[in-house]
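The file start-v6.tsv comes next; it holds TSV, C-alpha atoms.
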```
chain	number	residue	atom	x	y	z
A	210	MET	CA	-21.07	29.92	-7.31
A	211	ASN	CA	-21.38	26.81	-5.17
A	212	TYR	CA	-19.54	26.96	-1.86
A	213	ASP	CA	-21.04	23.79	-0.38
A	214	ILE	CA	-18.73	20.89	0.37
A	215	PRO	CA	-19.59	18.04	-2.04
A	216	ALA	CA	-20.65	14.63	-0.80
A	217	VAL	CA	-17.52	13.06	-2.27
A	218	ALA	CA	-15.41	15.19	0.06
A	219	VAL	CA	-16.74	13.47	3.18
A	220	ARG	CA	-17.56	10.00	1.87
A	221	ALA	CA	-16.54	6.80	3.62
A	222	MET	CA	-15.54	8.44	6.89
A	223	ASN	CA	-14.28	5.98	9.49
A	224	ARG	CA	-15.91	6.51	12.88
A	225	ASP	CA	-13.61	8.02	15.49
A	226	THR	CA	-13.42	5.51	18.34
A	227	LEU	CA	-9.77	6.10	19.27
A	228	TYR	CA	-10.52	7.26	22.79
A	229	GLN	CA	-12.98	4.58	23.83
A	230	ASN	CA	-12.13	2.70	27.02
A	231	GLN	CA	-8.39	3.17	27.13
A	232	PRO	CA	-6.14	5.58	29.05
A	233	PHE	CA	-4.02	8.14	27.23
A	234	ALA	CA	-0.89	9.76	28.57
A	235	PRO	CA	-0.98	13.55	28.72
A	236	GLY	CA	0.52	15.03	25.58
A	237	SER	CA	0.34	11.79	23.59
A	238	PHE	CA	-1.74	13.14	20.68
A	239	ARG	CA	-0.04	12.84	17.28
A	240	PHE	CA	-1.21	13.19	13.69
A	241	ASP	CA	-0.19	9.60	13.01
A	242	GLU	CA	-1.81	6.76	11.05
A	243	PRO	CA	-4.54	5.98	13.64
A	244	VAL	CA	-5.59	9.65	13.87
A	245	VAL	CA	-5.42	10.16	10.10
A	246	SER	CA	-7.66	7.13	9.53
A	247	VAL	CA	-10.51	8.78	11.47
A	248	PHE	CA	-9.60	12.45	11.07
A	249	SER	CA	-12.50	13.46	8.82
A	250	ASP	CA	-14.98	12.20	11.41
A	251	MET	CA	-12.94	13.47	14.36
A	252	ILE	CA	-12.70	17.07	13.21
A	253	ARG	CA	-16.36	17.35	12.22
A	254	ARG	CA	-17.48	16.01	15.60
A	255	SER	CA	-14.96	18.08	17.57
A	256	VAL	CA	-14.91	21.54	15.97
A	257	PRO	CA	-18.19	23.46	16.12
A	258	GLY	CA	-18.85	25.34	12.90
A	259	TYR	CA	-16.28	23.32	10.95
A	260	GLU	CA	-18.29	23.26	7.71
A	261	ASP	CA	-19.00	27.00	8.05
A	262	THR	CA	-15.27	27.67	8.27
A	263	LEU	CA	-14.68	25.68	5.10
A	264	ARG	CA	-17.32	27.70	3.26
A	265	LEU	CA	-15.76	30.91	4.57
A	266	THR	CA	-12.37	29.74	3.32
A	267	GLY	CA	-13.80	29.19	-0.15
A	268	ARG	CA	-15.38	32.64	-0.21
A	269	LEU	CA	-12.10	34.24	0.83
A	270	ALA	CA	-10.26	32.32	-1.88
A	271	ALA	CA	-12.62	33.71	-4.51
A	272	ARG	CA	-12.26	37.25	-3.10
A	273	PHE	CA	-8.48	37.44	-2.64
A	274	ALA	CA	-7.23	35.22	-5.49
A	275	GLU	CA	-4.89	36.88	-7.96
A	276	GLU	CA	-3.21	35.33	-10.96
A	277	GLY	CA	0.46	34.75	-10.37
A	278	CYS	CA	-0.04	34.30	-6.63
A	279	ALA	CA	-0.74	31.08	-4.77
A	280	ILE	CA	-3.27	30.09	-2.15
A	281	VAL	CA	-1.45	28.14	0.55
A	282	ASP	CA	-2.92	26.01	3.33
A	283	LEU	CA	-0.53	25.66	6.27
A	284	GLY	CA	-1.29	22.48	8.18
A	285	CYS	CA	-3.54	21.29	5.38
A	286	SER	CA	-4.32	17.84	6.88
A	287	LEU	CA	-6.56	15.99	4.37
A	288	GLY	CA	-7.14	19.09	2.24
A	289	ASP	CA	-10.69	20.12	3.18
A	290	SER	CA	-9.83	23.83	3.04
A	291	LEU	CA	-8.07	23.43	-0.30
A	292	LEU	CA	-11.08	21.58	-1.68
A	293	ALA	CA	-13.30	24.50	-0.66
A	294	CYS	CA	-10.86	26.86	-2.41
A	295	ALA	CA	-10.76	24.74	-5.57
A	296	GLN	CA	-14.55	24.68	-5.73
A	297	ALA	CA	-14.83	28.42	-5.26
A	298	LEU	CA	-12.18	29.22	-7.87
A	299	GLY	CA	-13.60	26.98	-10.58
A	300	ARG	CA	-11.27	27.22	-13.57
A	301	ARG	CA	-9.34	30.30	-12.48
A	302	PRO	CA	-5.63	29.46	-12.90
A	303	ILE	CA	-4.60	29.90	-9.28
A	304	PRO	CA	-1.88	27.64	-7.81
A	305	LEU	CA	-2.98	25.77	-4.69
A	306	LEU	CA	-0.43	24.45	-2.22
A	307	GLY	CA	-0.92	22.35	0.91
A	308	ILE	CA	1.83	22.00	3.52
A	309	ASP	CA	1.73	19.55	6.44
A	310	ASN	CA	4.42	17.79	8.45
A	311	SER	CA	2.37	14.58	8.81
A	312	ALA	CA	3.37	12.12	6.10
A	313	PRO	CA	0.16	10.06	6.55
A	314	MET	CA	-1.94	13.21	6.13
A	315	ILE	CA	-0.14	14.22	2.95
A	316	ALA	CA	-0.39	10.71	1.49
A	317	GLN	CA	-4.13	10.60	2.10
A	318	ALA	CA	-4.64	14.12	0.75
A	319	GLU	CA	-2.79	13.31	-2.46
A	320	ALA	CA	-4.76	10.09	-2.93
A	321	ARG	CA	-8.01	11.88	-2.27
A	322	PHE	CA	-7.45	14.63	-4.83
A	323	ALA	CA	-6.23	12.10	-7.39
A	324	GLU	CA	-9.76	10.66	-7.34
A	325	LEU	CA	-11.48	14.03	-7.77
A	326	ALA	CA	-12.03	15.44	-11.24
A	327	LEU	CA	-11.29	19.07	-10.40
A	328	PRO	CA	-10.02	21.81	-12.73
A	329	LEU	CA	-7.59	22.81	-9.97
A	330	THR	CA	-5.51	20.17	-8.18
A	331	PRO	CA	-3.35	21.25	-5.25
A	332	ARG	CA	0.31	20.47	-4.90
A	333	PHE	CA	1.29	19.04	-1.52
A	334	LEU	CA	4.49	19.29	0.50
A	335	CYS	CA	5.31	17.17	3.54
A	336	GLN	CA	7.38	19.73	5.41
A	337	ASP	CA	7.45	21.72	8.62
A	338	LEU	CA	5.72	25.05	8.05
A	339	ARG	CA	8.43	26.70	10.14
A	340	THR	CA	10.97	26.05	7.40
A	341	ALA	CA	9.00	25.10	4.26
A	342	PRO	CA	9.57	27.38	1.24
A	343	LEU	CA	6.59	29.67	0.67
A	344	PRO	CA	5.57	31.06	-2.72
A	345	ARG	CA	4.23	34.56	-3.19
A	346	ALA	CA	0.67	34.21	-1.92
A	347	ALA	CA	-2.66	35.98	-2.21
A	348	LEU	CA	-4.30	34.01	0.61
A	349	LEU	CA	-2.74	31.98	3.42
A	350	VAL	CA	-4.96	29.58	5.34
A	351	CYS	CA	-3.94	28.53	8.83
A	352	ASN	CA	-6.98	26.69	10.19
A	353	TRP	CA	-6.32	25.17	13.66
A	354	THR	CA	-2.59	24.86	12.99
A	355	LEU	CA	-0.78	27.58	14.94
A	356	GLN	CA	-2.20	26.16	18.20
A	357	PHE	CA	-0.07	23.02	17.73
A	358	LEU	CA	3.19	24.99	17.55
A	359	PRO	CA	5.11	25.99	20.68
A	360	PRO	CA	4.15	29.60	21.52
A	361	ALA	CA	7.76	30.74	21.04
A	362	ASP	CA	7.61	29.57	17.39
A	363	ARG	CA	4.42	31.41	16.49
A	364	THR	CA	5.80	34.90	15.89
A	365	PRO	CA	8.61	33.67	13.58
A	366	VAL	CA	6.05	31.65	11.60
A	367	LEU	CA	3.75	34.64	11.22
A	368	GLU	CA	6.69	36.80	10.14
A	369	ARG	CA	7.37	34.29	7.36
A	370	LEU	CA	3.72	34.27	6.34
A	371	PHE	CA	3.51	38.05	6.30
A	372	ALA	CA	6.59	38.25	4.09
A	373	ALA	CA	5.11	35.73	1.63
A	374	LEU	CA	1.83	37.63	1.20
A	375	ARG	CA	1.37	40.07	-1.63
A	376	PRO	CA	0.25	43.58	-0.60
A	377	GLY	CA	-3.51	43.37	-0.22
A	378	GLY	CA	-3.33	39.64	0.49
A	379	ALA	CA	-4.82	38.01	3.56
A	380	LEU	CA	-4.23	35.42	6.24
A	381	LEU	CA	-7.13	33.39	7.64
A	382	LEU	CA	-6.19	32.26	11.13
A	383	SER	CA	-8.57	29.85	12.89
A	384	GLU	CA	-7.82	28.81	16.47
A	385	LYS	CA	-9.34	27.32	19.58
A	386	LEU	CA	-9.31	30.20	22.06
A	387	CYS	CA	-8.90	30.54	25.78
A	388	PHE	CA	-10.40	33.47	27.69
A	389	ALA	CA	-8.87	35.76	30.29
A	390	ASP	CA	-11.98	35.52	32.49
A	391	PRO	CA	-11.85	32.07	34.16
A	392	ALA	CA	-15.64	31.90	34.36
A	393	GLU	CA	-16.01	32.64	30.65
A	394	ASP	CA	-13.33	30.11	29.79
A	395	ALA	CA	-14.99	27.44	31.93
A	396	LEU	CA	-18.43	28.14	30.45
A	397	LEU	CA	-17.26	27.91	26.84
A	398	GLY	CA	-15.23	24.82	27.66
A	399	ALA	CA	-18.30	23.17	29.15
A	400	LEU	CA	-20.41	24.13	26.14
A	401	HIS	CA	-17.77	22.66	23.84
A	402	HIS	CA	-17.88	19.40	25.78
A	403	GLU	CA	-21.66	19.40	25.45
A	404	PHE	CA	-21.26	19.92	21.70
A	405	LYS	CA	-18.99	16.87	21.49
A	406	ALA	CA	-21.37	14.83	23.62
A	407	ALA	CA	-24.17	15.74	21.21
A	408	GLN	CA	-22.00	14.32	18.39
A	409	GLY	CA	-21.90	10.95	20.14
A	410	TYR	CA	-18.69	11.15	22.16
A	411	SER	CA	-18.89	9.64	25.65
A	412	PRO	CA	-17.57	11.45	28.75
A	413	SER	CA	-14.60	9.07	28.87
A	414	GLU	CA	-13.78	9.75	25.20
A	415	ILE	CA	-13.95	13.50	25.76
A	416	GLU	CA	-11.67	13.24	28.79
A	417	GLY	CA	-9.27	10.89	26.98
A	418	LYS	CA	-8.94	13.29	24.07
A	419	ARG	CA	-8.45	16.22	26.46
A	420	GLN	CA	-5.62	14.38	28.22
A	421	ALA	CA	-3.98	13.38	24.93
A	422	LEU	CA	-4.01	17.02	23.76
A	423	GLU	CA	-2.62	18.39	27.03
A	424	THR	CA	0.51	20.48	26.29
A	425	VAL	CA	0.14	19.59	22.57
A	426	LEU	CA	-2.62	22.08	21.77
A	427	VAL	CA	-1.81	25.34	23.58
A	428	ARG	CA	-4.64	27.88	23.43
A	429	GLU	CA	-4.28	31.64	23.56
A	430	THR	CA	-6.70	34.54	23.86
A	431	GLN	CA	-8.03	36.44	20.88
A	432	ALA	CA	-6.18	39.51	22.19
A	433	ALA	CA	-2.87	37.59	22.19
A	434	HIS	CA	-3.41	36.47	18.59
A	435	GLU	CA	-4.31	39.98	17.46
A	436	ALA	CA	-1.30	41.50	19.23
A	437	ARG	CA	1.03	39.02	17.52
A	438	LEU	CA	-0.53	39.70	14.11
A	439	ARG	CA	-0.06	43.43	14.58
A	440	ALA	CA	3.51	42.93	15.76
A	441	VAL	CA	4.48	41.20	12.50
A	442	GLY	CA	2.91	43.94	10.37
A	443	PHE	CA	-0.81	43.28	9.87
A	444	THR	CA	-2.88	46.42	10.39
A	445	HIS	CA	-6.38	45.22	9.42
A	446	ILE	CA	-7.56	42.35	11.64
A	447	THR	CA	-11.21	41.27	11.81
A	448	LEU	CA	-13.01	38.55	13.73
A	449	VAL	CA	-14.92	36.96	10.86
A	450	GLN	CA	-16.38	33.93	12.64
A	451	GLN	CA	-16.79	32.48	16.11
A	452	ASN	CA	-18.57	29.38	17.36
A	453	LEU	CA	-18.16	28.77	21.10
A	454	ASN	CA	-14.39	28.84	21.78
A	455	PHE	CA	-13.38	28.42	18.13
A	456	ALA	CA	-12.76	31.60	16.15
A	457	SER	CA	-11.39	32.80	12.81
A	458	LEU	CA	-9.45	36.03	12.34
A	459	LEU	CA	-8.85	37.62	8.95
A	460	ALA	CA	-5.64	39.65	8.77
A	461	VAL	CA	-5.07	41.72	5.63
A	462	LYS	CA	-1.66	43.04	4.55
A	463	ARG	CA	-1.93	46.69	3.69
A	464	HIS	CA	-1.01	47.85	0.20
A	465	ALA	CA	2.30	49.67	-0.02
A	466	ALA	CA	1.90	53.43	0.27
```
Entire entry expressed as structure tokens:
Amino acid sequence: MNYDIPAVAVRAMNRDTLYQNQPFAPGSFRFDEPVVSVFSDMIRRSVPGYEDTLRLTGRLAARFAEEGCAIVDLGCSLGDSLLACAQALGRRPIPLLGIDNSAPMIAQAEARFAELALPLTPRFLCQDLRTAPLPRAALLVCNWTLQFLPPADRTPVLERLFAALRPGGALLLSEKLCFADPAEDALLGALHHEFKAAQGYSPSEIEGKRQALETVLVRETQAAHEARLRAVGFTHITLVQQNLNFASLLAVKRHAA
């Protein structure tokens, strides 16, 4: 089975130059038309291990899929994770659903999949994941989404996700972490900046993006994420991937006794 991301999935990426030579107010980042137009390039040059996470998502889709249950991507953006799932599932009749509250993201995702000749085509909803209806699910994907919600909203969202999962189903939660040890947090932050510099971002671009994301992307520790997952009912939680300060946790809902 091929878990690689096809060339068509990343074709014609516009170069991310949004943060070149202009000031940005703290907290000004939005998933609006300008961001959406360069998002494919932005995320690949900003998130270390991004392609590895997509491949992992596809493998989990193949492992946890069950007929009659959906695979849902919360905060699906342009649908990269859903594309990885569709590839991994082949012709298995598994419903795929993408939810995002950015209308430009959803419009681009729908247009993108309309051009792809895939046996499985996701359905997309432009709704807030805090209130969007959720089908019974075998796998829920939440890749770099929870971090954009206010911390007070995160437990209610996870409660909704837990309730939607079938027994034995799983949640993939990918987040940018902070670390309780200030020295460790500073080191991994510096290494992340070096990663972005190696992708061609200038120091002023890196600082501009950091300012724009201030108060918009709120990081938490791995321990905080695991405690919240346990509090809503998950009992099996595994760190399945980490690259610098970006990590993925797999939380499995235990079968009923």
In the coordinates of the file, take the point (4.1, 30.4, 22.5) and a cut-off of 12 Å; then, counting all atoms listed in the file, name each qualifying protein, DNA or RNA residue as a ChimeraX atom specification. /A:355-366,424-430,433-434,437
Separation of atom CA of A:Gln296 and atom CA of A:Arg253, in Å?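 Value for the atom CA of A:Gln296-atom CA of A:Arg253 distance: 19.5 Å.
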Counting only C-alpha atoms, what is within 8 Å of A:Gly267, bar same-chain residues fewer than 5 positions away, as a ChimeraX atom specification? /A:212,290,293-298
Compile the contact shell of A:Gly277 as an MDAnalysis selection string: residues with an atom at most 9 Å away, counting all atoms listed in the file, same-chain residues fewer than 4 positions apart removed. chainID A and resid 302:304 345:347
Mind giving me the straight-line distance from atom CA of A:His402 to atom CA of A:Ser255 in Å, one decimal?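 Straight-line distance from atom CA of A:His402 to atom CA of A:Ser255 works out to 8.8 Å.
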A:Val244 surroundings by all atoms listed in the file, 10 Å radius, close-in-sequence under 3 positions cut, as a list in words: Asp225, Thr226, Leu227, Phe238, Arg239, Phe240, Asp241, Val247, Phe248, Ser249, Met251, Pro313 and Met314 of chain A
Just to be explicit: take each residue in the selection above, keep C-alpha atoms, and write the result as a PDB file, keeping the file's coordinate frame.
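The result, stored in part_7.pdb:
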```pdb
ATOM      1  CA  ASP A 225     -13.610   8.020  15.490  1.00  0.00           C
ATOM      2  CA  THR A 226     -13.420   5.510  18.340  1.00  0.00           C
ATOM      3  CA  LEU A 227      -9.770   6.100  19.270  1.00  0.00           C
ATOM      4  CA  PHE A 238      -1.740  13.140  20.680  1.00  0.00           C
ATOM      5  CA  ARG A 239      -0.040  12.840  17.280  1.00  0.00           C
ATOM      6  CA  PHE A 240      -1.210  13.190  13.690  1.00  0.00           C
ATOM      7  CA  ASP A 241      -0.190   9.600  13.010  1.00  0.00           C
ATOM      8  CA  VAL A 247     -10.510   8.780  11.470  1.00  0.00           C
ATOM      9  CA  PHE A 248      -9.600  12.450  11.070  1.00  0.00           C
ATOM     10  CA  SER A 249     -12.500  13.460   8.820  1.00  0.00           C
ATOM     11  CA  MET A 251     -12.940  13.470  14.360  1.00  0.00           C
ATOM     12  CA  PRO A 313       0.160  10.060   6.550  1.00  0.00           C
ATOM     13  CA  MET A 314      -1.940  13.210   6.130  1.00  0.00           C
TER      14      MET A 314
END
```
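Between A:Arg419 and the candidates A:Gly258, A:Lys405, A:Leu349, A:Thr330, the tightest atom-to-atom separation, counting only C-alpha atoms, involves A:Lys405.
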Within 7 Å of A:Thr447 using only C-alpha atoms, minus same-chain residues under 6 positions, as a PyMOL selection string: chain A and resi 458-460
Between atom CA of A:Gly299 and atom CA of A:Asn452, what is the spacing in Å?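 Separation between atom CA of A:Asn452 and atom CA of A:Gly299: 28.5 Å.
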Which residue out of A:Ala379, A:Lys418, A:Ala373, A:Ala316 has the minimum interatomic distance to A:Thr444 when all atoms listed in the file are used? A:Ala379
I need the residue nearest A:Thr340 from this list: A:Pro376, A:Leu396, A:Leu283, A:Gln317. Use all atoms listed in the file for the distance.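 Nearest candidate to A:Thr340 out of A:Pro376, A:Leu396, A:Leu283, A:Gln317: A:Leu283.
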Do you know which residues are at most 9 Å from A:Ser237 counting all atoms listed in the file, after dropping those on the same chain fewer than 5 positions away, and could you put them as a PyMOL selection string? chain A and resi 420-423+425
Here is a test: counting only C-alpha atoms, which residue of A:Leu382, A:Ala436, A:Val461, A:Leu292 is nearest to A:Trp353?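 For A:Trp353, the nearest of the candidates is A:Leu382.
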Using all atoms listed in the file for the distances, tell me which of A:Gln336, A:Ser246, A:Asn310, A:Thr262 is nearest to A:Gln450.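 Under the stated criterion, the closest residue is A:Thr262.
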Pick from A:Ala274, A:Ala406, A:Ile308, A:Ile446, whichever lies nearest to A:Arg375 using only C-alpha atoms: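 Smallest separation from A:Arg375 among the options: A:Ala274.
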